[in-house]
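Below is structure.cif, which holds mmCIF, C-alpha atoms.
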data_final
#
loop_
_atom_site.label_atom_id
_atom_site.label_comp_id
_atom_site.auth_asym_id
_atom_site.auth_seq_id
_atom_site.Cartn_x
_atom_site.Cartn_y
_atom_site.Cartn_z
CA MET I 1107 0.00 0.00 0.00
CA THR I 1108 1.47 3.36 -0.92
CA GLN I 1109 0.23 6.66 0.29
CA SER I 1110 1.70 10.09 0.48
CA PHE I 1111 1.38 12.55 3.26
CA PRO I 1112 0.73 16.28 2.88
CA SER I 1113 3.95 18.20 3.25
CA CYS I 1114 2.96 20.10 6.38
CA SER I 1115 1.57 17.15 8.33
CA VAL I 1116 4.62 16.39 10.48
CA ALA I 1117 6.04 19.05 12.74
CA LEU I 1118 7.26 17.66 16.03
CA GLU I 1119 9.54 20.00 17.89
CA ALA I 1120 11.43 19.65 21.14
CA GLN I 1121 12.85 22.80 22.65
CA ASP I 1122 15.45 22.87 25.37
CA LEU I 1123 14.52 19.45 26.69
CA TYR I 1124 15.93 18.51 30.07
CA CYS I 1125 15.47 15.15 31.66
CA VAL I 1126 16.81 13.54 34.83
CA ARG I 1127 16.50 9.87 35.74
CA ASP I 1128 17.79 8.51 39.04
CA ASP I 1129 19.80 11.67 39.79
CA ARG I 1130 21.51 11.42 36.41
CA VAL I 1131 21.07 14.06 33.75
CA LEU I 1132 20.21 12.16 30.60
CA PHE I 1133 20.07 15.20 28.38
CA GLN I 1134 19.86 18.93 28.74
CA GLY I 1135 19.29 21.71 26.27
CA LEU I 1136 18.24 19.17 23.70
CA SER I 1137 16.43 20.59 20.70
CA LEU I 1138 15.02 18.62 17.87
CA LEU I 1139 12.79 19.22 14.90
CA VAL I 1140 11.12 16.40 12.99
CA GLN I 1141 9.51 17.30 9.68
CA ASN I 1142 8.17 15.52 6.63
CA GLY I 1143 10.75 13.34 4.97
CA ASP I 1144 13.03 13.16 7.99
CA LEU I 1145 14.65 9.95 9.14
CA ILE I 1146 16.33 10.55 12.45
CA GLN I 1147 18.35 7.85 14.12
CA LEU I 1148 19.07 8.25 17.80
CA ALA I 1149 22.45 6.85 18.65
CA GLY I 1150 24.40 6.49 21.85
CA PRO I 1151 25.64 3.88 24.28
CA ASN I 1152 23.26 1.70 26.32
CA GLY I 1153 21.65 3.74 29.06
CA ALA I 1154 22.19 7.03 27.26
CA GLY I 1155 18.47 7.79 27.30
CA LYS I 1156 17.40 6.87 23.78
CA THR I 1157 14.29 5.03 24.90
CA THR I 1158 13.49 7.72 27.46
CA LEU I 1159 13.68 10.39 24.76
CA LEU I 1160 11.45 8.39 22.43
CA ARG I 1161 8.90 7.89 25.20
CA LEU I 1162 8.89 11.62 25.93
CA LEU I 1163 8.43 12.40 22.26
CA ALA I 1164 5.70 9.79 21.93
CA GLY I 1165 3.83 11.41 24.81
CA LEU I 1166 4.03 8.41 27.13
CA ASN I 1167 5.96 10.20 29.84
CA ARG I 1168 5.53 13.75 31.03
CA ASP I 1169 8.46 13.82 33.41
CA TYR I 1170 10.63 16.42 31.65
CA ASP I 1171 11.43 20.12 31.53
CA GLY I 1172 11.30 22.10 28.34
CA LYS I 1173 8.81 22.21 25.54
CA LEU I 1174 7.34 19.60 23.24
CA LEU I 1175 5.37 21.02 20.35
CA TRP I 1176 3.21 19.34 17.73
CA GLN I 1177 2.42 21.66 14.83
CA GLY I 1178 3.32 24.64 16.95
CA GLN I 1179 1.11 23.72 19.88
CA ASP I 1180 1.96 22.01 23.13
CA LEU I 1181 1.87 18.25 22.61
CA TYR I 1182 -0.70 17.73 25.34
CA ASP I 1183 -3.06 20.53 24.22
CA ASP I 1184 -4.57 18.24 21.66
CA PHE I 1185 -3.04 14.88 22.44
CA ALA I 1186 -5.68 12.91 20.56
CA SER I 1187 -4.79 14.54 17.24
CA TYR I 1188 -1.08 13.96 17.86
CA ALA I 1189 -1.73 10.36 18.87
CA SER I 1190 -3.67 9.69 15.69
CA ALA I 1191 -0.81 11.03 13.59
CA ARG I 1192 2.01 8.99 15.05
CA LEU I 1193 2.71 5.34 15.59
CA TYR I 1194 4.75 4.23 18.58
CA GLN I 1195 6.40 0.83 18.71
CA GLY I 1196 8.38 0.19 21.86
CA HIS I 1197 10.49 -2.77 22.93
CA LEU I 1198 7.35 -4.68 23.81
CA ALA I 1199 5.38 -6.10 20.93
CA ALA I 1200 1.91 -5.96 22.58
CA VAL I 1201 1.21 -9.35 21.05
CA LYS I 1202 -0.92 -11.82 23.04
CA LYS I 1203 0.46 -15.34 22.94
CA ALA I 1204 -2.92 -17.04 23.08
CA LEU I 1205 -4.18 -15.21 20.00
CA THR I 1206 -3.31 -15.71 16.35
CA PRO I 1207 -1.33 -13.14 14.32
CA ILE I 1208 -4.44 -11.93 12.52
CA GLU I 1209 -6.36 -11.47 15.79
CA ASN I 1210 -3.42 -9.61 17.28
CA LEU I 1211 -3.06 -7.42 14.22
CA ARG I 1212 -6.77 -6.59 14.26
CA TRP I 1213 -6.37 -5.26 17.79
CA LEU I 1214 -3.12 -3.43 17.05
CA CYS I 1215 -4.73 -1.64 14.12
CA SER I 1216 -8.11 -1.01 15.74
CA SER I 1217 -7.49 2.73 16.17
CA TRP I 1218 -7.42 3.11 12.40
CA SER I 1219 -10.12 1.83 10.14
CA VAL I 1220 -8.20 -0.72 8.13
CA ALA I 1221 -9.93 -3.14 5.80
CA GLU I 1222 -9.73 -6.81 6.72
CA GLU I 1223 -7.98 -7.77 3.44
CA ALA I 1224 -5.30 -5.16 4.07
CA LEU I 1225 -4.50 -6.88 7.37
CA TRP I 1226 -4.13 -10.27 5.69
CA GLN I 1227 -1.96 -8.67 3.01
CA ALA I 1228 0.19 -7.08 5.69
CA LEU I 1229 0.80 -10.47 7.30
CA ASP I 1230 1.69 -11.85 3.88
CA GLU I 1231 4.15 -9.05 3.39
CA VAL I 1232 5.99 -9.81 6.65
CA GLU I 1233 6.17 -13.45 5.55
CA LEU I 1234 3.64 -14.72 8.04
CA GLY I 1235 1.42 -16.04 5.27
CA GLY I 1236 0.30 -19.49 6.37
CA TYR I 1237 0.77 -18.62 10.04
CA GLU I 1238 -2.27 -16.34 10.24
CA GLU I 1239 -4.24 -18.84 12.32
CA THR I 1240 -1.40 -20.23 14.44
CA PRO I 1241 -1.41 -19.10 18.08
CA CYS I 1242 1.48 -16.70 18.64
CA ARG I 1243 2.92 -18.84 21.43
CA GLN I 1244 4.02 -21.26 18.71
CA LEU I 1245 5.85 -18.55 16.78
CA SER I 1246 9.50 -17.59 17.18
CA ALA I 1247 10.65 -14.30 18.70
CA GLY I 1248 11.35 -12.88 15.25
CA GLN I 1249 7.95 -13.91 13.96
CA THR I 1250 6.24 -12.36 16.99
CA ARG I 1251 8.14 -9.18 16.24
CA ARG I 1252 6.91 -9.33 12.65
CA VAL I 1253 3.30 -9.45 13.84
CA ALA I 1254 3.78 -6.13 15.58
CA LEU I 1255 5.72 -4.66 12.65
CA ALA I 1256 3.02 -5.71 10.17
CA ARG I 1257 1.26 -2.58 11.40
CA LEU I 1258 3.76 -0.54 9.44
CA CYS I 1259 2.20 -1.82 6.21
CA VAL I 1260 -1.20 -0.37 7.00
CA ALA I 1261 -0.51 2.52 9.40
CA PRO I 1262 -1.98 5.77 8.04
CA THR I 1263 0.21 7.79 10.43
CA PRO I 1264 2.77 10.21 8.98
CA LEU I 1265 5.10 9.93 11.99
CA TRP I 1266 6.63 6.69 13.19
CA ILE I 1267 8.49 6.40 16.47
CA LEU I 1268 10.27 3.05 16.58
CA ASP I 1269 12.37 1.78 19.45
CA GLU I 1270 14.86 -0.89 18.32
CA PRO I 1271 12.56 -2.31 15.62
CA PHE I 1272 15.33 -4.50 14.17
CA THR I 1273 15.57 -6.66 17.29
CA ALA I 1274 15.19 -10.40 16.57
CA LEU I 1275 14.62 -9.92 12.83
CA ASP I 1276 16.49 -12.10 10.35
CA LYS I 1277 18.28 -10.73 7.27
CA ALA I 1278 15.18 -10.80 5.10
CA GLY I 1279 13.23 -9.07 7.86
CA VAL I 1280 15.87 -6.37 8.20
CA ALA I 1281 15.82 -5.77 4.44
CA TRP I 1282 12.03 -5.59 4.48
CA LEU I 1283 12.00 -3.09 7.34
CA GLU I 1284 14.63 -0.92 5.64
CA GLY I 1285 12.41 -0.89 2.58
CA ARG I 1286 9.41 0.17 4.69
CA LEU I 1287 11.39 2.99 6.27
CA GLN I 1288 12.54 4.18 2.87
CA GLN I 1289 9.01 4.12 1.53
CA GLN I 1290 7.69 6.01 4.54
CA VAL I 1291 10.29 8.75 4.19
CA ARG I 1292 9.84 8.97 0.41
CA SER I 1293 6.11 9.36 0.67
CA GLY I 1294 6.60 12.33 2.95
CA GLY I 1295 6.32 10.66 6.32
CA ALA I 1296 8.88 10.91 9.08
CA VAL I 1297 10.64 8.32 11.20
CA LEU I 1298 12.34 8.60 14.58
CA ILE I 1299 14.23 5.45 15.33
CA THR I 1300 16.69 4.00 17.80
CA SER I 1301 18.84 1.24 16.47
CA HIS I 1302 22.41 0.04 16.53
CA HIS I 1303 21.89 -1.07 12.98
CA ALA I 1304 23.52 1.02 10.22
CA LEU I 1305 20.79 2.75 8.24
CA GLU I 1306 23.03 4.55 5.76
CA GLY I 1307 21.55 5.00 2.35
CA ILE I 1308 17.95 5.43 3.41
CA GLY I 1309 16.66 8.88 2.51
CA ASN I 1310 18.49 11.74 4.13
CA LEU I 1311 19.45 10.04 7.34
CA GLN I 1312 20.28 12.28 10.29
CA HIS I 1313 21.95 11.19 13.48
CA LEU I 1314 21.26 12.46 16.94
CA GLU I 1315 24.01 11.46 19.31
CA LEU I 1316 22.96 11.03 22.91
CA GLY I 1317 25.17 10.36 25.88
CA GLY I 1318 26.99 12.83 28.07
CA GLN I 1319 26.20 16.31 26.86
CA GLY I 1320 23.15 15.95 24.71
CA GLY I 1321 23.08 17.41 21.24
CA SER I 1322 20.89 19.00 18.70
CA VAL I 1323 19.72 18.38 15.18
CA MET F 131 -13.62 4.30 21.18
CA SER F 132 -12.80 1.69 18.55
CA LEU F 133 -9.76 0.58 20.54
CA VAL F 134 -11.92 0.15 23.66
CA LEU F 135 -14.38 -2.05 21.80
CA ALA F 136 -11.53 -3.99 20.20
CA THR F 137 -9.97 -4.51 23.63
CA ILE F 138 -13.23 -5.78 25.09
CA LYS F 139 -13.56 -8.18 22.17
CA ARG F 140 -9.94 -9.31 22.46
CA ASP F 141 -10.19 -9.89 26.23
CA LEU F 142 -13.34 -11.97 25.84
CA LEU F 143 -11.56 -13.99 23.15
CA LEU F 144 -8.59 -14.45 25.48
CA ALA F 145 -10.94 -15.63 28.23
CA ALA F 146 -12.45 -18.14 25.81
CA ARG F 147 -8.93 -19.46 25.03
CA ASN F 148 -7.60 -19.50 28.62
CA LYS F 149 -10.54 -21.09 30.36
CA GLY F 150 -8.62 -21.80 33.56
CA GLU F 151 -8.40 -18.09 34.23
CA TRP F 152 -12.07 -17.84 35.05
CA LEU F 153 -12.97 -21.48 35.78
CA ASN F 154 -10.56 -21.74 38.74
CA PRO F 155 -12.25 -19.00 40.79
CA LEU F 156 -15.60 -20.54 39.92
CA MET F 157 -14.46 -23.94 41.21
CA PHE F 158 -13.15 -22.26 44.34
CA PHE F 159 -16.57 -20.68 44.87
CA LEU F 160 -18.24 -24.07 44.57
CA MET F 161 -15.75 -25.82 46.85
CA VAL F 162 -16.04 -23.32 49.70
CA ALA F 163 -19.80 -23.74 49.74
CA ALA F 164 -19.52 -27.53 49.53
CA LEU F 165 -17.02 -27.78 52.40
CA PHE F 166 -18.83 -25.47 54.80
CA PRO F 167 -21.62 -27.87 55.86
CA LEU F 168 -19.06 -30.67 56.31
CA ALA F 169 -16.84 -28.62 58.56
CA VAL F 170 -19.35 -26.61 60.57
CA ASP F 171 -22.75 -28.19 61.04
CA PRO F 172 -24.93 -30.00 58.48
CA ASP F 173 -28.14 -29.04 60.31
CA PRO F 174 -30.46 -27.57 57.59
CA LYS F 175 -31.83 -24.89 59.93
CA PHE F 176 -28.37 -23.67 60.84
CA LEU F 177 -27.27 -23.77 57.18
CA SER F 178 -30.22 -21.75 55.96
CA LYS F 179 -29.29 -19.09 58.51
CA ILE F 180 -25.69 -18.72 57.31
CA ALA F 181 -26.28 -19.47 53.60
CA GLY F 182 -26.33 -15.83 52.44
CA GLY F 183 -23.19 -14.96 54.35
CA VAL F 184 -21.24 -18.01 53.14
CA ILE F 185 -22.22 -17.42 49.52
CA TRP F 186 -21.15 -13.81 49.72
CA VAL F 187 -17.81 -14.49 51.44
CA ALA F 188 -17.06 -17.17 48.86
CA ALA F 189 -18.04 -14.87 45.97
CA LEU F 190 -15.86 -12.09 47.34
CA LEU F 191 -12.79 -14.31 47.73
CA ALA F 192 -13.33 -15.89 44.31
CA THR F 193 -13.42 -12.41 42.76
CA LEU F 194 -10.20 -11.52 44.55
CA LEU F 195 -8.55 -14.63 43.09
CA SER F 196 -9.25 -13.57 39.53
CA LEU F 197 -8.31 -9.90 39.95
CA ASP F 198 -4.55 -10.26 40.08
CA ALA F 199 -4.26 -10.97 36.36
CA LEU F 200 -6.52 -8.13 35.22
CA TYR F 201 -3.82 -5.64 34.16
CA LYS F 202 -0.63 -7.60 34.74
CA ALA F 203 -0.46 -9.24 31.31
CA ASP F 204 -1.24 -5.93 29.59
CA VAL F 205 1.59 -4.20 31.41
CA GLU F 206 4.05 -7.00 30.68
CA ASP F 207 3.37 -7.44 26.99
CA GLY F 208 3.12 -3.75 26.13
CA SER F 209 -0.63 -3.53 25.49
CA LEU F 210 -0.95 -0.86 28.16
CA GLU F 211 1.74 1.19 26.46
CA GLN F 212 -0.24 1.00 23.24
CA TRP F 213 -3.42 2.19 24.98
CA LEU F 214 -1.62 5.19 26.41
CA ALA F 215 -0.03 5.88 23.05
CA SER F 216 -3.37 5.65 21.27
CA GLY F 217 -4.64 8.79 22.98
CA GLU F 218 -8.03 7.16 23.52
CA SER F 219 -9.89 7.73 26.76
CA LEU F 220 -8.36 5.67 29.54
CA TYR F 221 -11.57 6.19 31.50
CA ALA F 222 -13.51 4.16 28.93
CA MET F 223 -10.68 1.67 28.73
CA THR F 224 -10.61 0.92 32.47
CA LEU F 225 -14.40 0.76 32.51
CA GLY F 226 -14.25 -1.72 29.63
CA LYS F 227 -11.69 -3.86 31.45
CA ALA F 228 -13.85 -3.91 34.59
CA LEU F 229 -16.85 -4.88 32.46
CA VAL F 230 -14.95 -7.79 30.90
CA HIS F 231 -13.79 -8.86 34.35
CA TRP F 232 -17.38 -8.88 35.55
CA CYS F 233 -18.46 -10.93 32.53
CA ILE F 234 -15.93 -13.65 33.31
CA SER F 235 -16.10 -13.46 37.11
CA GLY F 236 -19.21 -11.83 38.60
CA LEU F 237 -21.66 -13.08 36.00
CA PRO F 238 -20.70 -16.80 36.23
CA LEU F 239 -20.70 -16.51 40.04
CA THR F 240 -24.21 -15.08 39.96
CA LEU F 241 -25.40 -17.79 37.59
CA MET F 242 -23.90 -20.50 39.77
CA ALA F 243 -25.17 -19.09 43.07
CA PRO F 244 -28.59 -20.82 42.98
CA VAL F 245 -26.80 -24.20 43.04
CA LEU F 246 -24.94 -23.09 46.14
CA GLY F 247 -28.20 -21.86 47.62
CA LEU F 248 -29.59 -25.35 47.17
CA MET F 249 -26.54 -26.91 48.82
CA LEU F 250 -26.78 -24.54 51.78
CA ASN F 251 -30.55 -24.85 52.15
CA LEU F 252 -31.26 -21.21 51.38
CA PRO F 253 -34.99 -20.53 51.99
CA SER F 254 -36.83 -20.39 48.66
CA GLU F 255 -38.11 -16.85 49.27
CA ALA F 256 -34.52 -15.57 49.45
CA TYR F 257 -33.39 -16.67 45.97
CA VAL F 258 -34.56 -13.54 44.19
CA ALA F 259 -32.92 -11.38 46.84
CA MET F 260 -29.67 -13.32 46.58
CA LEU F 261 -29.58 -12.97 42.79
CA ALA F 262 -30.40 -9.26 43.07
CA SER F 263 -27.63 -8.76 45.63
CA LEU F 264 -25.11 -10.55 43.42
CA LEU F 265 -26.19 -8.71 40.27
CA LEU F 266 -25.74 -5.37 42.01
CA GLY F 267 -22.82 -6.36 44.22
CA THR F 268 -20.41 -8.27 41.97
CA PRO F 269 -20.00 -5.36 39.51
CA ILE F 270 -18.94 -3.23 42.51
CA LEU F 271 -16.35 -5.89 43.37
CA SER F 272 -15.01 -5.83 39.81
CA LEU F 273 -14.90 -2.03 39.67
CA LEU F 274 -13.19 -1.57 43.04
CA GLY F 275 -10.93 -4.49 42.27
CA SER F 276 -9.80 -2.93 39.01
CA VAL F 277 -8.33 -0.03 41.02
CA GLY F 278 -6.30 -2.42 43.16
CA ALA F 279 -5.28 -4.46 40.12
CA ALA F 280 -4.13 -1.29 38.36
CA LEU F 281 -2.10 -0.22 41.41
CA THR F 282 -0.34 -3.57 41.72
CA ALA F 283 -0.03 -4.29 37.98
CA SER F 284 3.74 -3.99 37.91
CA VAL F 285 4.37 -5.56 41.33
CA ARG F 286 5.87 -9.00 40.85
CA SER F 287 3.78 -11.01 43.31
CA GLY F 288 1.13 -8.47 44.07
CA GLY F 289 -1.63 -10.91 45.05
CA LEU F 290 -1.33 -10.35 48.78
CA LEU F 291 -0.84 -6.61 48.41
CA LEU F 292 -3.92 -6.48 46.19
CA GLY F 293 -5.94 -8.23 48.90
CA LEU F 294 -4.73 -5.82 51.56
CA ILE F 295 -5.65 -2.80 49.44
CA ILE F 296 -9.02 -4.05 48.27
CA LEU F 297 -10.51 -6.04 51.16
CA PRO F 298 -11.26 -2.98 53.35
CA LEU F 299 -13.15 -1.47 50.42
CA TYR F 300 -15.09 -4.70 49.94
CA ILE F 301 -16.32 -4.83 53.53
CA PRO F 302 -19.30 -2.43 53.12
CA VAL F 303 -20.48 -4.38 50.07
CA LEU F 304 -20.21 -7.63 52.01
CA ILE F 305 -22.13 -6.25 55.01
CA PHE F 306 -25.02 -4.84 53.01
CA ALA F 307 -25.26 -7.76 50.61
CA ALA F 308 -25.13 -10.49 53.28
CA SER F 309 -27.69 -8.69 55.44
CA LEU F 310 -29.89 -8.28 52.37
CA VAL F 311 -29.97 -12.04 51.80
CA TYR F 312 -30.45 -12.73 55.51
CA ASN F 313 -33.36 -10.29 55.76
CA ALA F 314 -35.01 -11.90 52.76
CA SER F 315 -34.56 -15.39 54.21
CA ILE F 316 -36.40 -14.49 57.43
CA GLY F 317 -39.12 -12.61 55.57
CA LEU F 318 -38.10 -9.03 56.33
CA ALA F 319 -37.97 -6.12 53.88
CA TYR F 320 -34.62 -5.56 52.18
CA ASN F 321 -35.25 -2.38 50.19
CA ALA F 322 -32.76 -0.37 52.22
CA GLN F 323 -29.84 -2.72 51.53
CA LEU F 324 -30.83 -2.92 47.87
CA GLY F 325 -30.80 0.86 47.72
CA PHE F 326 -27.39 1.06 49.35
CA LEU F 327 -25.92 -1.51 46.95
CA GLY F 328 -27.40 0.39 44.01
CA ALA F 329 -25.92 3.66 45.27
CA MET F 330 -22.53 2.03 45.76
CA LEU F 331 -22.65 0.62 42.24
CA ALA F 332 -23.51 4.04 40.78
CA LEU F 333 -20.65 5.64 42.71
CA ALA F 334 -18.20 2.92 41.75
CA LEU F 335 -19.18 3.21 38.07
CA CYS F 336 -18.45 6.94 38.07
CA LEU F 337 -15.41 7.13 40.31
CA THR F 338 -13.31 3.97 40.13
CA PRO F 339 -12.26 4.47 36.46
CA PHE F 340 -10.59 7.75 37.49
CA ALA F 341 -8.59 6.00 40.18
CA ALA F 342 -7.71 3.03 37.96
CA GLN F 343 -6.64 5.36 35.15
CA ALA F 344 -4.33 7.33 37.45
CA ALA F 345 -2.88 4.11 38.86
CA LEU F 346 -2.17 2.75 35.36
CA LYS F 347 -0.33 5.91 34.39
CA LEU F 348 1.85 5.49 37.49
CA ASN F 349 2.85 2.04 36.25
CA LEU F 350 4.20 3.48 33.03
CA SER F 351 5.94 6.67 34.19
CA ARG F 352 9.41 5.24 34.27
#
Let me see the file written as structure tokens.
Amino acid sequence: MTQSFPSCSVALEAQDLYCVRDDRVLFQGLSLLVQNGDLIQLAGPNGAGKTTLLRLLAGLNRDYDGKLLWQGQDLYDDFASYASARLYQGHLAAVKKALTPIENLRWLCSSWSVAEEALWQALDEVELGGYEETPCRQLSAGQTRRVALARLCVAPTPLWILDEPFTALDKAGVAWLEGRLQQQVRSGGAVLITSHHALEGIGNLQHLELGGQGGSV
Amino acid sequence: MSLVLATIKRDLLLAARNKGEWLNPLMFFLMVAALFPLAVDPDPKFLSKIAGGVIWVAALLATLLSLDALYKADVEDGSLEQWLASGESLYAMTLGKALVHWCISGLPLTLMAPVLGLMLNLPSEAYVAMLASLLLGTPILSLLGSVGAALTASVRSGGLLLGLIILPLYIPVLIFAASLVYNASIGLAYNAQLGFLGAMLALALCLTPFAAQAALKLNLSR
């Protein structure tokens, strides 16, 4: 499925972000602007605060100082409209082991009105064709991950926030996901991603280095 | 709203797959009532006097047994994170979860209660009252319980803690409901208790989702 997003639809801005966890300053004075067509990879050593920053930007955690703006307004002024424009995928897949991939995907995509065939196609695309009716407890870690990532095929959201999406994927899975990211950026969407995987060559990749002093893009 | 409905549907499907989750508390309910006459006194007159109380204590403890799992799985597998990320009303979400919990806990208990009434020689004129008390009372147990379950969702073995938090809140329900059944079994009016249970249910419906929602957010603010 290809779609393109209007050029002004993504405008996520962080101004002078300051965040402390367990008496440790994770970042201070951090500014960031995400716009259409951006692919921003957060880098830094383990514990540098990549996941924390993504959770702040996704609106899951309000424990910060500074400003978070969505289209010029405070993120929490109209959280519902922000939430409907971005997809957040954390470390946890939100996949129930007792349910089948298609049942899980139906739930994962229930915020958007996605046609049933599109869901089956999405599972086909992540190479889970034939496993649609197998309970997820019988699937491998990589396959479980693919169930959650199948959302990326049908998500109508211009902004993706992905936390280590390459975890547990095999080579074919990695290639598929890189293709998805490229397509998302090309069609005018934006991606914020943490990964230790090299993403060179996809769109105009930008790096944001975390750890120690904090930086800016 | 669509996510709330999808969650209700998914949880009912999960309950249909993991039958032990809701059958165990139901078996517990049945066993308590079956063991009571053996251990205390099989005299029918004595049993009919304590029937209402025994049924209610057993129903309350059975509900407590099934509460622990209410939010735990959702916190562990990331579903809760997805709810918060979805921007949909957590109020409706917690209400939906409590509703599903009642469907797989309170409703089967209510349906099974007449069998227990028979075993405990509950006077026939008290059956309607007992069913009414359970229909009004068990949703209160689910709603109050969802607050405790939300508070202890990320505690590793939170079962005991959950009991400590929730039992004091359950006591008023137990007192009014058991006295309702007792009054009915000796032929007295029980409108007052029915009214109190109804008022408690209305309050719990409005207020507990706020508390559960705040507790769930606490679990995720790491």
| task | Could you list the residues in chain I lying within 10 Å of chain F, using only C-alpha atoms, and format the result as a count of residues only? | result | 41
| Hits of the PyMOL selection byres ((chain I and resi 1120) around 12) in this structure, as a ChimeraX atom specification | /I:1117-1119,1121-1124,1134-1141,1159-1160,1162-1165,1170-1181,1321-1323
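Here the PyMOL selection byres ((chain I and resi 1208) around 8) matches the residues Thr1206, Pro1207, Glu1209, Asn1210, Leu1211, Arg1212, Leu1225, Trp1226, Leu1229, Glu1238 and Glu1239 of chain I.
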| message | Can you pull out the residues contacting Ser1246 of chain I? Cut-off 12 Å, using all atoms listed in the file, and skip same-chain residues under 6 positions away; I want them as number ranges by chain. | response | I: 1203, 1234, 1237, 1240, 1252-1253, 1274-1276
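Shortest atom-to-atom contact with Ile316 of chain F among F:Leu168, F:Leu292, F:Ala332, F:Ala256: F:Ala256, counting only C-alpha atoms.
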| task | Determine the residue set returned by the PyMOL selection byres ((chain F and resi 283) around 10) for the present structure, and present it as a ChimeraX atom specification. | result | /F:198-206,276-282,284-289,292,345-346,348-349
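Counting all atoms listed in the file, the residue from I:Pro1271, I:Pro1241, I:Gly1317, I:Gly1235 that sits nearest to His1303 of chain I is I:Pro1271.
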Taking (23.0, 5.5, 20.1) in the coordinates of the supplied file, I want to know which residues reach to within 12 Å of it, counting only C-alpha atoms; could you give the answer as a PDB file with C-alpha atoms, keeping the file's coordinate frame?
ATOM      1  CA  ILE I1146      16.330  10.550  12.450  1.00  0.00           C
ATOM      2  CA  GLN I1147      18.350   7.850  14.120  1.00  0.00           C
ATOM      3  CA  LEU I1148      19.070   8.250  17.800  1.00  0.00           C
ATOM      4  CA  ALA I1149      22.450   6.850  18.650  1.00  0.00           C
ATOM      5  CA  GLY I1150      24.400   6.490  21.850  1.00  0.00           C
ATOM      6  CA  PRO I1151      25.640   3.880  24.280  1.00  0.00           C
ATOM      7  CA  ASN I1152      23.260   1.700  26.320  1.00  0.00           C
ATOM      8  CA  GLY I1153      21.650   3.740  29.060  1.00  0.00           C
ATOM      9  CA  ALA I1154      22.190   7.030  27.260  1.00  0.00           C
ATOM     10  CA  GLY I1155      18.470   7.790  27.300  1.00  0.00           C
ATOM     11  CA  LYS I1156      17.400   6.870  23.780  1.00  0.00           C
ATOM     12  CA  THR I1157      14.290   5.030  24.900  1.00  0.00           C
ATOM     13  CA  LEU I1159      13.680  10.390  24.760  1.00  0.00           C
ATOM     14  CA  ASP I1269      12.370   1.780  19.450  1.00  0.00           C
ATOM     15  CA  GLU I1270      14.860  -0.890  18.320  1.00  0.00           C
ATOM     16  CA  ILE I1299      14.230   5.450  15.330  1.00  0.00           C
ATOM     17  CA  THR I1300      16.690   4.000  17.800  1.00  0.00           C
ATOM     18  CA  SER I1301      18.840   1.240  16.470  1.00  0.00           C
ATOM     19  CA  HIS I1302      22.410   0.040  16.530  1.00  0.00           C
ATOM     20  CA  HIS I1303      21.890  -1.070  12.980  1.00  0.00           C
ATOM     21  CA  ALA I1304      23.520   1.020  10.220  1.00  0.00           C
ATOM     22  CA  HIS I1313      21.950  11.190  13.480  1.00  0.00           C
ATOM     23  CA  LEU I1314      21.260  12.460  16.940  1.00  0.00           C
ATOM     24  CA  GLU I1315      24.010  11.460  19.310  1.00  0.00           C
ATOM     25  CA  LEU I1316      22.960  11.030  22.910  1.00  0.00           C
ATOM     26  CA  GLY I1317      25.170  10.360  25.880  1.00  0.00           C
ATOM     27  CA  GLY I1318      26.990  12.830  28.070  1.00  0.00           C
ATOM     28  CA  GLY I1320      23.150  15.950  24.710  1.00  0.00           C
ATOM     29  CA  GLY I1321      23.080  17.410  21.240  1.00  0.00           C
TER      30      GLY I1321
END
| request: Write out as JSON, numbers by chain each polymer residue whose atoms come within 12 Å of Asn1142 of chain I, counting all atoms listed in the file; drop sequence neighbours fewer than 5 positions from it. | output: {"I": [1110, 1111, 1112, 1113, 1114, 1115, 1116, 1117, 1118, 1177, 1263, 1264, 1265, 1266, 1290, 1291, 1292, 1293, 1294, 1295, 1296, 1297, 1298, 1309, 1310]}
Give me the residues within 12 Å of Ala307 of chain F as a short mmCIF file (atom, residue, chain, number, x, y, z; two decimals) with C-alpha atoms, keeping the file's coordinate frame, counting all atoms listed in the file and dropping any in the same chain fewer than 5 places off.
data_model
loop_
_atom_site.label_atom_id
_atom_site.label_comp_id
_atom_site.auth_asym_id
_atom_site.auth_seq_id
_atom_site.Cartn_x
_atom_site.Cartn_y
_atom_site.Cartn_z
CA GLY F 182 -26.33 -15.83 52.44
CA GLY F 183 -23.19 -14.96 54.35
CA VAL F 184 -21.24 -18.01 53.14
CA ILE F 185 -22.22 -17.42 49.52
CA TRP F 186 -21.15 -13.81 49.72
CA VAL F 187 -17.81 -14.49 51.44
CA ALA F 189 -18.04 -14.87 45.97
CA LEU F 190 -15.86 -12.09 47.34
CA ALA F 259 -32.92 -11.38 46.84
CA MET F 260 -29.67 -13.32 46.58
CA LEU F 261 -29.58 -12.97 42.79
CA ALA F 262 -30.40 -9.26 43.07
CA SER F 263 -27.63 -8.76 45.63
CA LEU F 264 -25.11 -10.55 43.42
CA LEU F 265 -26.19 -8.71 40.27
CA LEU F 266 -25.74 -5.37 42.01
CA GLY F 267 -22.82 -6.36 44.22
CA THR F 268 -20.41 -8.27 41.97
CA ILE F 270 -18.94 -3.23 42.51
CA LEU F 271 -16.35 -5.89 43.37
CA TYR F 300 -15.09 -4.70 49.94
CA ILE F 301 -16.32 -4.83 53.53
CA PRO F 302 -19.30 -2.43 53.12
CA TYR F 312 -30.45 -12.73 55.51
CA ASN F 313 -33.36 -10.29 55.76
CA ALA F 314 -35.01 -11.90 52.76
CA TYR F 320 -34.62 -5.56 52.18
CA ASN F 321 -35.25 -2.38 50.19
CA ALA F 322 -32.76 -0.37 52.22
CA GLN F 323 -29.84 -2.72 51.53
CA LEU F 324 -30.83 -2.92 47.87
CA GLY F 325 -30.80 0.86 47.72
CA PHE F 326 -27.39 1.06 49.35
CA LEU F 327 -25.92 -1.51 46.95
CA GLY F 328 -27.40 0.39 44.01
CA MET F 330 -22.53 2.03 45.76
#
